[in-house]
file target29.pdb (PDB, C-alpha atoms and all ligand atoms)
ATOM      1  CA  MET A   1      52.028 -63.184  41.306
ATOM      2  CA  ARG A   2      49.538 -61.064  43.338
ATOM      3  CA  ILE A   3      45.952 -60.562  42.118
ATOM      4  CA  ASP A   4      46.635 -56.812  41.623
ATOM      5  CA  ASP A   5      49.625 -57.633  39.403
ATOM      6  CA  PHE A   6      47.556 -60.159  37.453
ATOM      7  CA  HIS A   7      44.947 -57.464  36.696
ATOM      8  CA  ARG A   8      47.700 -55.070  35.616
ATOM      9  CA  GLU A   9      49.435 -57.658  33.433
ATOM     10  CA  ILE A  10      46.382 -58.768  31.484
ATOM     11  CA  LYS A  11      44.599 -55.422  31.348
ATOM     12  CA  SER A  12      46.898 -54.602  28.428
ATOM     13  CA  GLN A  13      45.161 -57.463  26.555
ATOM     14  CA  VAL A  14      41.902 -55.457  26.605
ATOM     15  CA  LEU A  15      40.158 -57.969  28.837
ATOM     16  CA  ASN A  16      37.217 -56.548  30.725
ATOM     17  CA  LEU A  17      36.858 -56.895  34.497
ATOM     18  CA  SER A  18      34.414 -59.806  34.388
ATOM     19  CA  ASP A  19      36.766 -61.789  32.122
ATOM     20  CA  ARG A  20      39.683 -61.089  34.493
ATOM     21  CA  LEU A  21      37.635 -62.140  37.535
ATOM     22  CA  ASP A  22      36.520 -65.253  35.674
ATOM     23  CA  LEU A  23      40.146 -66.175  34.962
ATOM     24  CA  ILE A  24      41.068 -65.727  38.645
ATOM     25  CA  SER A  25      38.140 -67.924  39.691
ATOM     26  CA  TYR A  26      39.312 -70.529  37.174
ATOM     27  CA  ILE A  27      42.956 -70.419  38.328
ATOM     28  CA  LEU A  28      42.033 -70.621  42.032
ATOM     29  CA  ASP A  29      39.140 -73.034  41.377
ATOM     30  CA  ILE A  30      36.725 -71.004  43.464
ATOM     31  CA  PRO A  31      33.256 -69.637  42.561
ATOM     32  CA  TYR A  32      33.217 -66.405  40.559
ATOM     33  CA  SER A  33      31.141 -64.760  43.304
ATOM     34  CA  GLU A  34      33.984 -65.206  45.813
ATOM     35  CA  VAL A  35      36.713 -63.576  43.707
ATOM     36  CA  ALA A  36      35.660 -59.965  44.264
ATOM     37  CA  SER A  37      36.115 -60.340  48.039
ATOM     38  CA  LEU A  38      39.744 -61.521  47.741
ATOM     39  CA  SER A  39      42.463 -59.027  48.679
ATOM     40  CA  GLY A  40      44.601 -57.676  45.843
ATOM     41  CA  ASP A  41      47.599 -59.083  47.758
ATOM     42  CA  THR A  42      46.366 -62.666  47.421
ATOM     43  CA  VAL A  43      49.049 -64.683  45.673
ATOM     44  CA  ILE A  44      47.996 -66.838  42.701
ATOM     45  CA  ASN A  45      51.235 -68.608  41.877
ATOM     46  CA  LEU A  46      49.621 -71.820  40.737
ATOM     47  CA  PRO A  47      50.887 -73.894  37.785
ATOM     48  CA  LEU A  48      47.723 -72.923  35.916
ATOM     49  CA  LEU A  49      48.718 -69.248  36.006
ATOM     50  CA  ASP A  50      51.514 -69.646  33.440
ATOM     51  CA  VAL A  51      49.251 -71.656  31.136
ATOM     52  CA  VAL A  52      46.547 -68.985  31.345
ATOM     53  CA  LEU A  53      48.981 -66.118  30.743
ATOM     54  CA  SER A  54      50.490 -67.766  27.695
ATOM     55  CA  LYS A  55      47.033 -68.494  26.204
ATOM     56  CA  ILE A  56      45.954 -64.893  26.836
ATOM     57  CA  ASN A  57      49.096 -63.692  25.070
ATOM     58  CA  GLU A  58      48.168 -65.864  22.079
ATOM     59  CA  GLY A  59      44.786 -64.098  21.973
ATOM     60  CA  ILE A  60      42.753 -67.173  22.894
ATOM     61  CA  PRO A  61      39.301 -66.081  24.113
ATOM     62  CA  VAL A  62      38.703 -66.392  27.855
ATOM     63  CA  ALA A  63      35.737 -68.754  27.344
ATOM     64  CA  TYR A  64      37.987 -71.246  25.513
ATOM     65  CA  ILE A  65      40.571 -71.050  28.325
ATOM     66  CA  THR A  66      38.054 -71.656  31.110
ATOM     67  CA  SER A  67      35.802 -73.930  28.971
ATOM     68  CA  ARG A  68      32.722 -72.069  30.163
ATOM     69  CA  ARG A  69      30.521 -69.113  29.332
ATOM     70  CA  GLU A  70      27.646 -67.652  31.308
ATOM     71  CA  PHE A  71      24.524 -67.173  29.200
ATOM     72  CA  TYR A  72      21.117 -66.022  30.472
ATOM     73  CA  GLY A  73      22.316 -66.794  34.015
ATOM     74  CA  TYR A  74      23.397 -70.361  33.210
ATOM     75  CA  GLU A  75      26.959 -71.590  32.895
ATOM     76  CA  PHE A  76      27.478 -73.536  29.647
ATOM     77  CA  TYR A  77      30.423 -75.707  28.659
ATOM     78  CA  VAL A  78      32.166 -74.377  25.532
ATOM     79  CA  ASP A  79      35.267 -75.293  23.570
ATOM     80  CA  ASN A  80      36.801 -74.195  20.294
ATOM     81  CA  GLY A  81      34.395 -76.405  18.325
ATOM     82  CA  VAL A  82      31.579 -73.920  18.928
ATOM     83  CA  LEU A  83      30.808 -70.236  18.719
ATOM     84  CA  ILE A  84      31.175 -68.500  22.084
ATOM     85  CA  PRO A  85      27.593 -67.507  22.998
ATOM     86  CA  ARG A  86      27.025 -63.770  22.623
ATOM     87  CA  VAL A  87      25.028 -61.517  24.907
ATOM     88  CA  GLU A  88      22.862 -60.393  21.921
ATOM     89  CA  THR A  89      21.474 -63.900  21.653
ATOM     90  CA  GLU A  90      19.821 -63.434  25.061
ATOM     91  CA  ILE A  91      17.353 -61.088  23.307
ATOM     92  CA  LEU A  92      16.251 -64.006  21.114
ATOM     93  CA  ILE A  93      15.715 -66.084  24.258
ATOM     94  CA  SER A  94      13.579 -63.470  26.044
ATOM     95  CA  GLU A  95      11.361 -63.114  22.981
ATOM     96  CA  ALA A  96      11.098 -66.880  22.474
ATOM     97  CA  VAL A  97      10.087 -67.321  26.138
ATOM     98  CA  ARG A  98       7.419 -64.631  25.718
ATOM     99  CA  ILE A  99       6.100 -66.186  22.483
ATOM    100  CA  ILE A 100       5.999 -69.706  23.900
ATOM    101  CA  GLN A 101       4.241 -68.563  27.088
ATOM    102  CA  ASP A 102       1.757 -66.700  24.905
ATOM    103  CA  GLN A 103       1.083 -69.748  22.691
ATOM    104  CA  LYS A 104       0.591 -71.765  25.837
ATOM    105  CA  THR A 105      -2.166 -69.491  27.031
ATOM    106  CA  THR A 106      -3.823 -68.917  23.657
ATOM    107  CA  SER A 107      -3.760 -72.286  21.954
ATOM    108  CA  LYS A 108      -1.591 -75.294  22.702
ATOM    109  CA  ASP A 109      -0.325 -76.905  25.845
ATOM    110  CA  VAL A 110       3.425 -76.287  26.061
ATOM    111  CA  ALA A 111       4.224 -80.001  25.811
ATOM    112  CA  ASP A 112       2.415 -80.130  22.454
ATOM    113  CA  LEU A 113       4.326 -77.243  20.928
ATOM    114  CA  LYS A 114       6.928 -78.281  18.383
ATOM    115  CA  VAL A 115       9.961 -76.072  18.867
ATOM    116  CA  VAL A 116      13.282 -76.360  17.034
ATOM    117  CA  ASP A 117      16.620 -74.615  17.632
ATOM    118  CA  LEU A 118      18.443 -74.477  14.279
ATOM    119  CA  PHE A 119      22.236 -73.950  14.145
ATOM    120  CA  THR A 120      22.381 -74.875  17.818
ATOM    121  CA  GLY A 121      26.191 -74.772  18.322
ATOM    122  CA  SER A 122      26.768 -75.293  22.042
ATOM    123  CA  GLY A 123      23.005 -75.690  22.508
ATOM    124  CA  VAL A 124      22.594 -72.450  24.446
ATOM    125  CA  VAL A 125      19.340 -71.391  22.821
ATOM    126  CA  GLY A 126      17.500 -74.695  23.107
ATOM    127  CA  ILE A 127      18.813 -75.673  26.532
ATOM    128  CA  THR A 128      18.201 -72.225  28.029
ATOM    129  CA  LEU A 129      14.580 -72.456  26.892
ATOM    130  CA  LEU A 130      14.250 -75.859  28.521
ATOM    131  CA  ASN A 131      15.649 -74.353  31.736
ATOM    132  CA  GLU A 132      13.182 -71.471  31.545
ATOM    133  CA  ILE A 133       9.995 -73.275  30.475
ATOM    134  CA  ALA A 134       8.819 -76.337  32.372
ATOM    135  CA  GLY A 135       7.239 -79.033  30.219
ATOM    136  CA  LEU A 136       8.798 -77.820  26.946
ATOM    137  CA  ASN A 137      10.535 -80.290  24.609
ATOM    138  CA  ILE A 138      12.869 -79.190  21.851
ATOM    139  CA  THR A 139      14.748 -80.419  18.786
ATOM    140  CA  VAL A 140      18.237 -78.989  18.249
ATOM    141  CA  VAL A 141      20.009 -79.120  14.878
ATOM    142  CA  ASP A 142      23.571 -78.585  13.701
ATOM    143  CA  ILE A 143      25.839 -79.993  10.994
ATOM    144  CA  SER A 144      29.068 -79.935  13.007
ATOM    145  CA  ASP A 145      30.157 -83.068  14.897
ATOM    146  CA  ASP A 146      32.275 -80.853  17.161
ATOM    147  CA  ALA A 147      29.225 -78.781  18.025
ATOM    148  CA  LEU A 148      27.038 -81.832  18.597
ATOM    149  CA  LYS A 149      29.614 -83.191  21.094
ATOM    150  CA  VAL A 150      29.377 -79.915  23.023
ATOM    151  CA  VAL A 151      25.564 -80.025  22.905
ATOM    152  CA  LYS A 152      25.648 -83.497  24.477
ATOM    153  CA  ILE A 153      27.927 -82.266  27.277
ATOM    154  CA  ASN A 154      25.522 -79.402  28.002
ATOM    155  CA  VAL A 155      22.457 -81.643  27.779
ATOM    156  CA  ASP A 156      24.039 -83.848  30.475
ATOM    157  CA  LYS A 157      25.149 -80.862  32.520
ATOM    158  CA  PHE A 158      21.587 -79.497  32.698
ATOM    159  CA  ASP A 159      20.024 -82.938  32.931
ATOM    160  CA  VAL A 160      17.580 -82.369  30.063
ATOM    161  CA  GLU A 161      18.286 -85.489  27.997
ATOM    162  CA  SER A 162      14.674 -86.687  28.075
ATOM    163  CA  ARG A 163      13.451 -83.345  26.640
ATOM    164  CA  VAL A 164      15.893 -82.884  23.745
ATOM    165  CA  LYS A 165      16.159 -84.483  20.343
ATOM    166  CA  ILE A 166      19.603 -83.872  18.818
ATOM    167  CA  VAL A 167      19.690 -83.961  15.025
ATOM    168  CA  LYS A 168      22.655 -83.751  12.664
ATOM    169  CA  LEU A 169      21.438 -82.093   9.468
ATOM    170  CA  ASP A 170      22.766 -79.895   6.682
ATOM    171  CA  LEU A 171      20.610 -76.778   6.699
ATOM    172  CA  SER A 172      22.077 -75.528   3.440
ATOM    173  CA  VAL A 173      19.998 -78.203   1.685
ATOM    174  CA  ALA A 174      16.593 -76.809   0.746
ATOM    175  CA  ILE A 175      14.587 -79.984   1.348
ATOM    176  CA  ASN A 176      15.963 -80.272   4.900
ATOM    177  CA  VAL A 177      14.844 -76.750   5.722
ATOM    178  CA  GLU A 178      11.463 -77.329   4.093
ATOM    179  CA  SER A 179      10.745 -80.412   6.208
ATOM    180  CA  ILE A 180      11.935 -78.707   9.414
ATOM    181  CA  MET A 181       9.539 -75.829   8.701
ATOM    182  CA  ILE A 182       6.626 -78.155   8.046
ATOM    183  CA  ASP A 183       7.299 -80.214  11.194
ATOM    184  CA  ASN A 184       7.602 -77.372  13.724
ATOM    185  CA  ASP A 185       5.454 -74.563  15.171
ATOM    186  CA  ILE A 186       8.232 -72.326  16.447
ATOM    187  CA  ILE A 187      11.559 -72.116  14.637
ATOM    188  CA  LEU A 188      14.472 -70.490  16.459
ATOM    189  CA  ALA A 189      17.698 -69.756  14.620
ATOM    190  CA  ASN A 190      21.049 -68.091  15.054
ATOM    191  CA  PRO A 191      22.608 -68.961  11.702
ATOM    192  CA  PRO A 192      26.026 -67.991  10.378
ATOM    193  CA  TYR A 193      25.449 -64.481   8.991
ATOM    194  CA  VAL A 194      28.882 -62.945   8.411
ATOM    195  CA  SER A 195      29.870 -62.287   4.776
ATOM    196  CA  GLU A 196      33.267 -63.484   3.462
ATOM    197  CA  GLU A 197      34.212 -59.856   2.878
ATOM    198  CA  TYR A 198      33.482 -58.783   6.463
ATOM    199  CA  TYR A 199      35.161 -61.926   7.826
ATOM    200  CA  ILE A 200      38.430 -61.088   6.069
ATOM    201  CA  ASP A 201      38.435 -57.695   7.807
ATOM    202  CA  MET A 202      37.500 -59.179  11.190
ATOM    203  CA  VAL A 203      39.578 -62.344  11.045
ATOM    204  CA  GLU A 204      42.007 -61.279  13.797
ATOM    205  CA  ASN A 205      39.101 -60.958  16.261
ATOM    206  CA  LEU A 206      37.256 -64.055  15.122
ATOM    207  CA  LYS A 207      40.036 -66.447  14.100
ATOM    208  CA  HIS A 208      39.801 -68.670  17.177
ATOM    209  CA  GLU A 209      36.125 -69.475  16.554
ATOM    210  CA  PRO A 210      35.002 -71.997  13.892
ATOM    211  CA  LYS A 211      34.536 -70.283  10.533
ATOM    212  CA  ILE A 212      31.561 -72.547   9.800
ATOM    213  CA  ALA A 213      29.741 -70.940  12.749
ATOM    214  CA  LEU A 214      30.207 -67.447  11.394
ATOM    215  CA  VAL A 215      30.381 -67.170   7.627
ATOM    216  CA  THR A 216      27.907 -67.836   4.867
ATOM    217  CA  LYS A 217      27.429 -66.880   1.235
ATOM    218  CA  ASP A 218      25.180 -64.311  -0.460
ATOM    219  CA  ASN A 219      26.657 -61.499   1.580
ATOM    220  CA  GLY A 220      25.719 -63.262   4.831
ATOM    221  CA  LEU A 221      22.054 -63.634   3.822
ATOM    222  CA  PHE A 222      21.952 -67.209   2.496
ATOM    223  CA  TYR A 223      20.186 -68.817   5.467
ATOM    224  CA  TYR A 224      17.666 -65.981   5.941
ATOM    225  CA  ASN A 225      16.614 -66.209   2.285
ATOM    226  CA  MET A 226      15.998 -69.916   2.650
ATOM    227  CA  LEU A 227      14.305 -69.841   6.083
ATOM    228  CA  ILE A 228      11.959 -67.017   5.105
ATOM    229  CA  TYR A 229      11.110 -68.535   1.730
ATOM    230  CA  PHE A 230      10.119 -71.894   3.246
ATOM    231  CA  LEU A 231       8.230 -70.141   6.054
ATOM    232  CA  THR A 232       6.042 -68.499   3.404
ATOM    233  CA  GLN A 233       5.354 -71.907   1.834
ATOM    234  CA  CYS A 234       3.823 -73.338   5.037
ATOM    235  CA  ARG A 235       0.056 -73.620   5.386
ATOM    236  CA  ASP A 236      -0.212 -73.710   9.190
ATOM    237  CA  LYS A 237       0.697 -71.030  11.703
ATOM    238  CA  LYS A 238       4.482 -70.801  12.217
ATOM    239  CA  ILE A 239       6.727 -68.345  14.006
ATOM    240  CA  LEU A 240      10.382 -67.823  13.063
ATOM    241  CA  VAL A 241      12.606 -66.041  15.602
ATOM    242  CA  THR A 242      16.092 -65.393  14.315
ATOM    243  CA  GLU A 243      19.123 -63.364  15.286
ATOM    244  CA  ILE A 244      20.416 -61.094  12.512
ATOM    245  CA  GLY A 245      23.600 -59.173  11.705
ATOM    246  CA  PHE A 246      23.908 -55.489  12.648
ATOM    247  CA  ASP A 247      23.419 -54.293   9.036
ATOM    248  CA  GLN A 248      20.851 -56.791   7.734
ATOM    249  CA  SER A 249      17.486 -55.437   8.907
ATOM    250  CA  ASP A 250      16.799 -53.187   5.881
ATOM    251  CA  TYR A 251      17.211 -56.107   3.475
ATOM    252  CA  LEU A 252      15.138 -58.444   5.667
ATOM    253  CA  ARG A 253      12.345 -55.881   6.099
ATOM    254  CA  GLU A 254      12.111 -55.623   2.304
ATOM    255  CA  LEU A 255      12.087 -59.411   1.962
ATOM    256  CA  CYS A 256       9.255 -59.765   4.492
ATOM    257  CA  HIS A 257       7.279 -57.032   2.706
ATOM    258  CA  LYS A 258       7.806 -58.810  -0.611
ATOM    259  CA  TYR A 259       6.310 -62.002   0.822
ATOM    260  CA  GLY A 260       3.613 -60.161   2.790
ATOM    261  CA  LEU A 261       4.869 -61.663   6.066
ATOM    262  CA  THR A 262       3.894 -60.157   9.416
ATOM    263  CA  HIS A 263       7.175 -59.334  11.138
ATOM    264  CA  TYR A 264       8.948 -57.142  13.694
ATOM    265  CA  PHE A 265      12.476 -56.476  14.921
ATOM    266  CA  LEU A 266      13.922 -56.299  18.426
ATOM    267  CA  LYS A 267      16.839 -54.058  19.216
ATOM    268  CA  ASP A 268      20.034 -54.915  21.085
ATOM    269  CA  TYR A 269      21.626 -52.918  23.913
ATOM    270  CA  LEU A 270      23.172 -50.551  21.341
ATOM    271  CA  GLY A 271      19.796 -49.840  19.714
ATOM    272  CA  ILE A 272      20.549 -51.994  16.634
ATOM    273  CA  ASN A 273      17.916 -54.360  15.160
ATOM    274  CA  ARG A 274      19.210 -57.781  16.284
ATOM    275  CA  VAL A 275      16.312 -60.206  16.271
ATOM    276  CA  LEU A 276      13.705 -60.694  13.564
ATOM    277  CA  VAL A 277      10.361 -62.334  14.298
ATOM    278  CA  CYS A 278       8.299 -63.511  11.281
ATOM    279  CA  ILE A 279       4.798 -64.884  11.659
ATOM    280  CA  LYS A 280       3.108 -67.024   9.023
ATOM    281  CA  GLY A 281      -0.597 -67.653   9.247
TER     282      GLY A 281
HETATM  283  C1  LIG A 301      26.252 -68.555  14.800
HETATM  284  S1  LIG A 301      26.524 -70.234  15.339
HETATM  285  C2  LIG A 301      25.201 -70.337  16.509
HETATM  286  C3  LIG A 301      25.532 -71.135  17.734
HETATM  287  C4  LIG A 301      24.527 -71.007  18.881
HETATM  288  N1  LIG A 301      23.165 -71.251  18.443
HETATM  289  C5  LIG A 301      24.623 -69.656  19.549
HETATM  290  O1  LIG A 301      23.673 -68.873  19.409
HETATM  291  O2  LIG A 301      25.604 -69.378  20.250
HETATM  292  C6  LIG A 301      25.981 -71.124  13.929
HETATM  293  C7  LIG A 301      25.986 -72.642  13.989
HETATM  294  O3  LIG A 301      25.505 -73.115  12.712
HETATM  295  C8  LIG A 301      26.141 -74.322  12.403
HETATM  296  N2  LIG A 301      26.076 -74.519  10.936
HETATM  297  C9  LIG A 301      26.801 -73.908   9.973
HETATM  298  N3  LIG A 301      26.437 -74.342   8.758
HETATM  299  C10 LIG A 301      25.448 -75.258   8.947
HETATM  300  C11 LIG A 301      24.659 -76.063   8.069
HETATM  301  N4  LIG A 301      24.832 -76.030   6.746
HETATM  302  N5  LIG A 301      23.727 -76.878   8.603
HETATM  303  C12 LIG A 301      23.531 -76.934   9.949
HETATM  304  N6  LIG A 301      24.252 -76.204  10.827
HETATM  305  C13 LIG A 301      25.200 -75.368  10.341
HETATM  306  C14 LIG A 301      27.560 -74.171  12.929
HETATM  307  O4  LIG A 301      28.160 -75.414  13.142
HETATM  308  C15 LIG A 301      27.318 -73.344  14.201
HETATM  309  O5  LIG A 301      27.247 -74.196  15.320
END

call {"tool": "encode", "arguments": {"input": "target29.pdb", "output": "structure tokens", "more": "lines below"}}
Ligand SMILES: C[S@@+](CC[C@H](N)C(=O)[O-])C[C@H]1O[C@@H](n2cnc3c(N)ncnc32)[C@H](O)[C@@H]1O
result
Amino acid sequence: MRIDDFHREIKSQVLNLSDRLDLISYILDIPYSEVASLSGDTVINLPLLDVVLSKINEGIPVAYITSRREFYGYEFYVDNGVLIPRVETEILISEAVRIIQDQKTTSKDVADLKVVDLFTGSGVVGITLLNEIAGLNITVVDISDDALKVVKINVDKFDVESRVKIVKLDLSVAINVESIMIDNDIILANPPYVSEEYYIDMVENLKHEPKIALVTKDNGLFYYNMLIYFLTQCRDKKILVTEIGFDQSDYLRELCHKYGLTHYFLKDYLGINRVLVCIKG
């Protein structure tokens, strides 16, 4: 099959250009940056081609086929044990970098800051911050053994083992969240925030990703209620930076007002409130 034919064949699967180029780079085992310069007549009749085409026809996401996903300019290992990192989550990273740099200049040395990445999944949030901020150490938390295996692969890949503490913990248990809040200065989170009702409607699009990474109770608000409640119970200064669902900011604004918490939202590329920052103290 020629590259032009490959594009034509899988375009019907609603794959965008970067996904198609990524698949070609995977099949030919060449860097992504070299694919665009290949002629459309280049033949890609490798054994891998048939495997890729049949997975695409089954609707398997490109990141699970290639076992990689670019996030904030870094290439992470992913498999079907973890959520595929989303571009929205990069907004959380930019804000966390800004907040940590700011703390560094105003109060603590970066090495003394206690930072935790809750619901870490593939580890993208925590490991990206380590890549961006020299001297930072971080704790990453998840309940899923499959996710923690992927975190370890990425920790090795980015050679950050000495700067990461990996913790298996159930964050639906109140006392676990309470002690995490007490122990840390900056709490980063991208929790499951999809409601059961919405999931049922979206299941065709999301069915290849672990349900535990997506869905939670109380209309998708369970983890926010708990994180924000325990944030308000802390005596020292704490900052919570969390990604939120596209329709959750009105509820969360009310909740922050109720507790008298200083807070603000950051918008995504579509102008939707996507990240909530809450400051205690
Ligand atoms: C939305 S994913 C976030 C993954 C990653 N941080 C990202 O941004 O791509 C949520 C993660 O929360 C984890 N999780 C779900 N329930 C949990 C619980 N009760 N305790 C700890 N982690 C949980 C899942 O295993 C999943 O990895």

call {"tool": "resolve_selection", "arguments": {"input": "target29.pdb", "expression": "the PyMOL selection byres (((chain A and resi 128-142) around 10) and not hetatm)", "output": "number ranges by chain"}}
result
A: 71-74, 76, 90, 93-94, 96-97, 100-101, 109-127, 143-148, 151, 158-171, 180, 184, 186-189, 191, 213

call {"tool": "write_last_selection", "arguments": {"input": "target29.pdb", "atoms": "C-alpha atoms", "output": "PDB file, keeping the file's coordinate frame"}}
result
ATOM      1  CA  PHE A  71      24.524 -67.173  29.200  1.00  0.00           C
ATOM      2  CA  TYR A  72      21.117 -66.022  30.472  1.00  0.00           C
ATOM      3  CA  GLY A  73      22.316 -66.794  34.015  1.00  0.00           C
ATOM      4  CA  TYR A  74      23.397 -70.361  33.210  1.00  0.00           C
ATOM      5  CA  PHE A  76      27.478 -73.536  29.647  1.00  0.00           C
ATOM      6  CA  GLU A  90      19.821 -63.434  25.061  1.00  0.00           C
ATOM      7  CA  ILE A  93      15.715 -66.084  24.258  1.00  0.00           C
ATOM      8  CA  SER A  94      13.579 -63.470  26.044  1.00  0.00           C
ATOM      9  CA  ALA A  96      11.098 -66.880  22.474  1.00  0.00           C
ATOM     10  CA  VAL A  97      10.087 -67.321  26.138  1.00  0.00           C
ATOM     11  CA  ILE A 100       5.999 -69.706  23.900  1.00  0.00           C
ATOM     12  CA  GLN A 101       4.241 -68.563  27.088  1.00  0.00           C
ATOM     13  CA  ASP A 109      -0.325 -76.905  25.845  1.00  0.00           C
ATOM     14  CA  VAL A 110       3.425 -76.287  26.061  1.00  0.00           C
ATOM     15  CA  ALA A 111       4.224 -80.001  25.811  1.00  0.00           C
ATOM     16  CA  ASP A 112       2.415 -80.130  22.454  1.00  0.00           C
ATOM     17  CA  LEU A 113       4.326 -77.243  20.928  1.00  0.00           C
ATOM     18  CA  LYS A 114       6.928 -78.281  18.383  1.00  0.00           C
ATOM     19  CA  VAL A 115       9.961 -76.072  18.867  1.00  0.00           C
ATOM     20  CA  VAL A 116      13.282 -76.360  17.034  1.00  0.00           C
ATOM     21  CA  ASP A 117      16.620 -74.615  17.632  1.00  0.00           C
ATOM     22  CA  LEU A 118      18.443 -74.477  14.279  1.00  0.00           C
ATOM     23  CA  PHE A 119      22.236 -73.950  14.145  1.00  0.00           C
ATOM     24  CA  THR A 120      22.381 -74.875  17.818  1.00  0.00           C
ATOM     25  CA  GLY A 121      26.191 -74.772  18.322  1.00  0.00           C
ATOM     26  CA  SER A 122      26.768 -75.293  22.042  1.00  0.00           C
ATOM     27  CA  GLY A 123      23.005 -75.690  22.508  1.00  0.00           C
ATOM     28  CA  VAL A 124      22.594 -72.450  24.446  1.00  0.00           C
ATOM     29  CA  VAL A 125      19.340 -71.391  22.821  1.00  0.00           C
ATOM     30  CA  GLY A 126      17.500 -74.695  23.107  1.00  0.00           C
ATOM     31  CA  ILE A 127      18.813 -75.673  26.532  1.00  0.00           C
ATOM     32  CA  ILE A 143      25.839 -79.993  10.994  1.00  0.00           C
ATOM     33  CA  SER A 144      29.068 -79.935  13.007  1.00  0.00           C
ATOM     34  CA  ASP A 145      30.157 -83.068  14.897  1.00  0.00           C
ATOM     35  CA  ASP A 146      32.275 -80.853  17.161  1.00  0.00           C
ATOM     36  CA  ALA A 147      29.225 -78.781  18.025  1.00  0.00           C
ATOM     37  CA  LEU A 148      27.038 -81.832  18.597  1.00  0.00           C
ATOM     38  CA  VAL A 151      25.564 -80.025  22.905  1.00  0.00           C
ATOM     39  CA  PHE A 158      21.587 -79.497  32.698  1.00  0.00           C
ATOM     40  CA  ASP A 159      20.024 -82.938  32.931  1.00  0.00           C
ATOM     41  CA  VAL A 160      17.580 -82.369  30.063  1.00  0.00           C
ATOM     42  CA  GLU A 161      18.286 -85.489  27.997  1.00  0.00           C
ATOM     43  CA  SER A 162      14.674 -86.687  28.075  1.00  0.00           C
ATOM     44  CA  ARG A 163      13.451 -83.345  26.640  1.00  0.00           C
ATOM     45  CA  VAL A 164      15.893 -82.884  23.745  1.00  0.00           C
ATOM     46  CA  LYS A 165      16.159 -84.483  20.343  1.00  0.00           C
ATOM     47  CA  ILE A 166      19.603 -83.872  18.818  1.00  0.00           C
ATOM     48  CA  VAL A 167      19.690 -83.961  15.025  1.00  0.00           C
ATOM     49  CA  LYS A 168      22.655 -83.751  12.664  1.00  0.00           C
ATOM     50  CA  LEU A 169      21.438 -82.093   9.468  1.00  0.00           C
ATOM     51  CA  ASP A 170      22.766 -79.895   6.682  1.00  0.00           C
ATOM     52  CA  LEU A 171      20.610 -76.778   6.699  1.00  0.00           C
ATOM     53  CA  ILE A 180      11.935 -78.707   9.414  1.00  0.00           C
ATOM     54  CA  ASN A 184       7.602 -77.372  13.724  1.00  0.00           C
ATOM     55  CA  ILE A 186       8.232 -72.326  16.447  1.00  0.00           C
ATOM     56  CA  ILE A 187      11.559 -72.116  14.637  1.00  0.00           C
ATOM     57  CA  LEU A 188      14.472 -70.490  16.459  1.00  0.00           C
ATOM     58  CA  ALA A 189      17.698 -69.756  14.620  1.00  0.00           C
ATOM     59  CA  PRO A 191      22.608 -68.961  11.702  1.00  0.00           C
ATOM     60  CA  ALA A 213      29.741 -70.940  12.749  1.00  0.00           C
TER      61      ALA A 213
END

call {"tool": "resolve_selection", "arguments": {"input": "target29.pdb", "expression": "the PyMOL selection byres (((chain A and resi 234-241) around 6) and not hetatm)", "output": "list in words"}}
result
Asp185, Ile186, Ile187, Leu188, Leu231, Thr232, Gln233, Thr242, Leu276, Val277, Cys278, Ile279, Lys280 and Gly281 of chain A

call {"tool": "closest_residue", "arguments": {"input": "target29.pdb", "among": "A:Tyr223, A:Phe246, A:Tyr193, A:Tyr199", "to": "A:Val173", "atoms": "only C-alpha atoms"}}
result
A:Tyr223

call {"tool": "atom_distance", "arguments": {"input": "target29.pdb", "atom1": "atom CA of A:Phe6", "atom2": "atom CA of A:Glu209"}}
result
25.6 Å

call {"tool": "residues_around", "arguments": {"input": "target29.pdb", "residues": "A:Gln248", "least_positions_apart": "4", "cutoff": "12 Å", "atoms": "all atoms listed in the file", "output": "list in words"}}
result
Tyr193, Val194, Ser195, Asp218, Asn219, Gly220, Leu221, Phe222, Tyr224, Asn225, Thr242, Glu243, Ile244, Leu252, Arg253, Glu254, Leu255, Phe265, Ile272, Asn273, Arg274, Val275 and Leu276 of chain A

call {"tool": "resolve_selection", "arguments": {"input": "target29.pdb", "expression": "the PyMOL selection byres (((chain A and resi 7) around 10) and not hetatm)", "output": "list in words"}}
result
Arg2, Ile3, Asp4, Asp5, Phe6, Arg8, Glu9, Ile10, Lys11, Ser12, Leu15, Asn16, Leu17, Arg20, Leu21, Ile24 and Gly40 of chain A

call {"tool": "closest_residue", "arguments": {"input": "target29.pdb", "among": "A:Tyr264, A:Tyr77, A:Tyr32, A:Tyr251", "to": "ligand LIG 301 (chain A)", "atoms": "only C-alpha atoms and all ligand atoms"}}
result
A:Tyr77

call {"tool": "atom_distance", "arguments": {"input": "target29.pdb", "atom1": "atom CA of A:Ser37", "atom2": "atom CA of A:Met1"}}
result
17.5 Å

call {"tool": "axis_aligned_box", "arguments": {"input": "target29.pdb", "around": "ligand LIG 301 (chain A)", "padding_each_side": "3 Å", "output": "AutoDock Vina command-line options"}}
result
--center_x 25.7 --center_y -72.7 --center_z 13.5 --size_x 11.0 --size_y 14.4 --size_z 19.5

call {"tool": "closest_residue", "arguments": {"input": "target29.pdb", "among": "A:Ser172, A:Ser39, A:Thr262, A:Ser179", "to": "ligand LIG 301 (chain A)", "atoms": "all atoms listed in the file"}}
result
A:Ser172

call {"tool": "closest_residue", "arguments": {"input": "target29.pdb", "among": "A:Lys267, A:Phe230, A:Lys207, A:Asp156", "to": "A:Asn80", "atoms": "only C-alpha atoms"}}
result
A:Lys207

call {"tool": "atom_distance", "arguments": {"input": "target29.pdb", "atom1": "atom CA of A:Glu178", "atom2": "atom CA of A:Leu227"}}
result
8.3 Å

call {"tool": "closest_residue", "arguments": {"input": "target29.pdb", "among": "A:Glu197, A:Asp268, A:Asp247, A:Glu70", "to": "ligand LIG 301 (chain A)", "atoms": "all atoms listed in the file"}}
result
A:Glu70
